[in-house]
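These notes are about the structure you will find just below.
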Amino acid sequence: MQLVHGRRRELAIADVMSLLLKFKKYEWLHVIDLDAAMGKGNNSDLARKVCEEATKRYGMKVRVGGGIRTIPRAAEIAKWGAHQIIVGSAAFKDGKTNAPFLRRLRTRVGRQAIVIALDTSKGHIVIKGWREKLRIRAEEVMKQLEPFCAAFLCTDVDREGTMGGVNREWFEQLRTVTPSDHCGWWNQVTAGNRYSRTDGHRRGSGMALYKGRLH
């Protein structure tokens with residue numbers, strides 16, 4: 001499923017396993033449980049199946065995210081074979097970074113297995129399925145969060161699903177705060193507006209792939 005701005009459904013594809021076959025040539029696969037992220041149940045059985053199939057059959061590396069807010073849940077997903085676990089909402093508490101949780105998570109699964117999602121709308125971090133906006137900005141907390149993760153996954157929610165191109169100014173700003181290989185970005189890759197491999201950012205795409213804009 002792909003949402004625009006995290007709210008309006010743009011497309012939905014029932015046969016998830018056929019998509020896995022289509023995307024098997026890529027090194028990394030992101031599996032996001034949107035229902036879990038929004039607190040509306042979960043799709044654990046399907047997510048686990050996709051993760052196991054991608055890693056065992058196709059040798060892909062998989063990141064799994066969406067509603068991972070406890071240490072046991074993170075540990076369970078790690079057992080699926082996920083190379084990295086994406087945490088967003090749980091990385092924050094009372095409007096600040098949640099260092100105690102992140103320390104426990106790092107001890108349990110290891111720093112290299114953790115990706116922290118810094119989803120942003122109108123310049124501010126949003127959590128809980130992008131429904132709750134915090135007063136803090138991504139660039140203000142990256143240094144505090146670096147010891148707890150291997151990478152950041154940064155989403156410009158205002159452009160999510162629109163294929164409107166890269167928010168280059170924002171990503172360049174983030175790049176000045178954290179090492180370039182520590183910062184990846186999502187939802188900004190379109191056929192007509194790509195960063196090169198040498199820009200220092202890792203990048204992901206969803207809508208553009210689903211709609212055949214990228215091959």
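Ordering of the structure tokens sets the chain letters (A, B, ...); residue numbers start at 1 within each chain; ligands are numbered from 1 in the order shown.
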Could you please write out, as a PyMOL selection string, every residue of segment 47-169 of chain A that DSSP assigns to helix (DSSP H, G or I)? chain A and resi 47-56+71-79+89-91+99-109+111-113+138-148+157-159+168-169
Looking only at the backbone, which of the residues in segment 30-185 of chain A does DSSP tag as strand (DSSP E or B), as JSON, numbers by chain? {"A": [30, 31, 32, 61, 62, 63, 64, 65, 84, 85, 86, 87, 92, 93, 96, 97, 114, 115, 116, 117, 118, 119, 120, 121, 124, 125, 126, 127, 132, 133, 151, 152, 153, 154, 155, 156, 183, 184, 185]}
Please produce a file of the residues just selected, as a short mmCIF file (atom, residue, chain, number, x, y, z; two decimals), in the first residue's frame, where the atoms kept are N, CA, C and O atoms.
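Output file part-v4.cif follows:
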data_model
loop_
_atom_site.label_atom_id
_atom_site.label_comp_id
_atom_site.auth_asym_id
_atom_site.auth_seq_id
_atom_site.Cartn_x
_atom_site.Cartn_y
_atom_site.Cartn_z
N HIS A 30 12.58 -2.61 2.08
CA HIS A 30 11.94 -2.04 3.28
C HIS A 30 10.55 -2.63 3.42
O HIS A 30 9.75 -2.57 2.48
N VAL A 31 10.26 -3.19 4.59
CA VAL A 31 8.94 -3.73 4.88
C VAL A 31 8.35 -2.91 6.03
O VAL A 31 8.86 -2.97 7.15
N ILE A 32 7.32 -2.14 5.76
CA ILE A 32 6.72 -1.27 6.76
C ILE A 32 5.28 -1.71 7.03
O ILE A 32 4.46 -1.76 6.10
N LYS A 61 18.79 -7.93 1.75
CA LYS A 61 18.84 -7.39 3.09
C LYS A 61 17.51 -6.68 3.35
O LYS A 61 17.02 -5.97 2.48
N VAL A 62 16.97 -6.88 4.53
CA VAL A 62 15.63 -6.36 4.81
C VAL A 62 15.64 -5.46 6.03
O VAL A 62 16.23 -5.80 7.07
N ARG A 63 14.98 -4.32 5.90
CA ARG A 63 14.68 -3.46 7.04
C ARG A 63 13.19 -3.57 7.32
O ARG A 63 12.38 -3.47 6.40
N VAL A 64 12.85 -3.76 8.58
CA VAL A 64 11.45 -3.88 8.97
C VAL A 64 11.10 -2.76 9.94
O VAL A 64 11.85 -2.50 10.89
N GLY A 65 9.97 -2.11 9.71
CA GLY A 65 9.52 -1.04 10.60
C GLY A 65 8.01 -1.01 10.69
O GLY A 65 7.31 -1.77 10.03
N GLN A 84 18.00 -5.05 9.70
CA GLN A 84 17.87 -3.83 10.49
C GLN A 84 16.41 -3.61 10.87
O GLN A 84 15.49 -4.01 10.16
N ILE A 85 16.24 -2.96 12.02
CA ILE A 85 14.92 -2.68 12.56
C ILE A 85 14.75 -1.17 12.63
O ILE A 85 15.62 -0.46 13.14
N ILE A 86 13.64 -0.69 12.09
CA ILE A 86 13.38 0.75 12.05
C ILE A 86 12.49 1.13 13.23
O ILE A 86 11.39 0.59 13.38
N VAL A 87 12.96 2.05 14.06
CA VAL A 87 12.14 2.56 15.15
C VAL A 87 11.94 4.06 14.96
O VAL A 87 12.84 4.77 14.56
N PHE A 92 11.29 8.48 20.91
CA PHE A 92 10.95 9.75 21.55
C PHE A 92 9.96 9.53 22.69
O PHE A 92 9.12 8.64 22.63
N LYS A 93 10.09 10.34 23.72
CA LYS A 93 9.18 10.27 24.85
C LYS A 93 9.06 11.66 25.47
O LYS A 93 10.07 12.33 25.70
N LYS A 96 10.94 14.45 23.77
CA LYS A 96 12.40 14.42 23.74
C LYS A 96 12.88 13.04 23.28
O LYS A 96 12.10 12.11 23.17
N THR A 97 14.18 12.94 23.03
CA THR A 97 14.72 11.63 22.67
C THR A 97 14.62 10.68 23.86
O THR A 97 14.80 11.08 25.01
N ILE A 114 20.01 -1.16 14.12
CA ILE A 114 19.00 -0.14 14.43
C ILE A 114 19.04 1.01 13.42
O ILE A 114 20.10 1.57 13.15
N VAL A 115 17.88 1.33 12.89
CA VAL A 115 17.70 2.52 12.06
C VAL A 115 16.63 3.37 12.76
O VAL A 115 15.58 2.86 13.14
N ILE A 116 16.91 4.65 12.94
CA ILE A 116 15.94 5.54 13.57
C ILE A 116 15.27 6.39 12.50
O ILE A 116 15.93 7.05 11.71
N ALA A 117 13.94 6.31 12.47
CA ALA A 117 13.17 7.07 11.51
C ALA A 117 12.95 8.49 12.01
O ALA A 117 12.47 8.69 13.13
N LEU A 118 13.32 9.44 11.19
CA LEU A 118 13.10 10.85 11.49
C LEU A 118 12.13 11.40 10.45
O LEU A 118 12.51 12.05 9.48
N ASP A 119 10.86 11.07 10.64
CA ASP A 119 9.82 11.53 9.73
C ASP A 119 9.44 12.96 10.08
O ASP A 119 9.21 13.28 11.26
N THR A 120 9.37 13.81 9.08
CA THR A 120 9.22 15.23 9.34
C THR A 120 8.12 15.85 8.48
O THR A 120 8.01 15.55 7.29
N SER A 121 7.32 16.70 9.12
CA SER A 121 6.29 17.46 8.42
C SER A 121 6.37 18.92 8.85
O SER A 121 6.44 19.21 10.05
N HIS A 124 9.04 19.65 11.47
CA HIS A 124 9.03 19.04 12.80
C HIS A 124 8.84 17.52 12.71
O HIS A 124 8.13 17.02 11.82
N ILE A 125 9.46 16.81 13.63
CA ILE A 125 9.34 15.36 13.67
C ILE A 125 7.91 14.95 13.99
O ILE A 125 7.26 15.53 14.86
N VAL A 126 7.41 13.95 13.27
CA VAL A 126 6.08 13.41 13.51
C VAL A 126 6.20 11.93 13.87
O VAL A 126 7.03 11.21 13.33
N ILE A 127 5.36 11.48 14.78
CA ILE A 127 5.39 10.10 15.27
C ILE A 127 3.98 9.51 15.27
O ILE A 127 3.02 10.18 14.90
N GLU A 132 1.07 12.56 15.23
CA GLU A 132 1.45 13.45 16.33
C GLU A 132 2.73 14.19 15.98
O GLU A 132 3.75 13.59 15.66
N LYS A 133 2.67 15.51 16.07
CA LYS A 133 3.83 16.33 15.72
C LYS A 133 4.54 16.79 16.99
O LYS A 133 3.91 17.27 17.94
N ALA A 151 21.99 4.11 11.21
CA ALA A 151 21.56 5.05 10.16
C ALA A 151 20.27 5.73 10.57
O ALA A 151 19.56 5.28 11.48
N PHE A 152 19.98 6.82 9.87
CA PHE A 152 18.70 7.50 9.99
C PHE A 152 17.92 7.31 8.69
O PHE A 152 18.49 7.32 7.61
N LEU A 153 16.63 7.13 8.83
CA LEU A 153 15.75 7.06 7.67
C LEU A 153 14.86 8.30 7.72
O LEU A 153 13.99 8.43 8.58
N CYS A 154 15.09 9.22 6.80
CA CYS A 154 14.45 10.54 6.87
C CYS A 154 13.39 10.67 5.79
O CYS A 154 13.69 10.57 4.60
N THR A 155 12.17 10.90 6.21
CA THR A 155 11.05 11.02 5.28
C THR A 155 10.45 12.41 5.36
O THR A 155 10.10 12.88 6.44
N ASP A 156 10.32 13.05 4.22
CA ASP A 156 9.62 14.33 4.13
C ASP A 156 8.14 14.01 3.90
O ASP A 156 7.71 13.76 2.78
N CYS A 183 23.06 8.86 6.94
CA CYS A 183 21.75 9.45 6.65
C CYS A 183 21.21 8.93 5.33
O CYS A 183 21.82 9.11 4.28
N GLY A 184 20.06 8.30 5.39
CA GLY A 184 19.38 7.84 4.18
C GLY A 184 18.06 8.57 4.05
O GLY A 184 17.54 9.11 5.02
N TRP A 185 17.52 8.62 2.86
CA TRP A 185 16.27 9.32 2.70
C TRP A 185 15.29 8.51 1.89
O TRP A 185 15.64 7.61 1.15
#
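Across the model, the gap from atom CA of Arg106 of chain A to atom CA of Cys149 of chain A is 7.7 Å.
Across the model, the gap from atom CA of Gly66 of chain A to atom CA of Ala14 of chain A is 18.6 Å.
Non-sequential neighbours of Ala37 of chain A (distance at most 8 Å, separation of 4 or more positions within a chain, only C-alpha atoms) are Asp33, Gly66, Gly67, Ile68, Lys128 and Gly129 of chain A.
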Kindly save the residues from that selection, with C-alpha atoms included, as an mmCIF file, in the first residue's frame.
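That gives us out05.cif:
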data_model
loop_
_atom_site.group_PDB
_atom_site.id
_atom_site.type_symbol
_atom_site.label_atom_id
_atom_site.label_comp_id
_atom_site.auth_asym_id
_atom_site.auth_seq_id
_atom_site.Cartn_x
_atom_site.Cartn_y
_atom_site.Cartn_z
ATOM 1 C CA ASP A 33 3.626 -2.403 8.671
ATOM 2 C CA GLY A 66 6.098 0.043 11.723
ATOM 3 C CA GLY A 67 4.876 -0.033 15.302
ATOM 4 C CA ILE A 68 8.095 -1.357 16.837
ATOM 5 C CA LYS A 128 2.602 7.543 15.833
ATOM 6 C CA GLY A 129 1.834 6.995 12.191
#
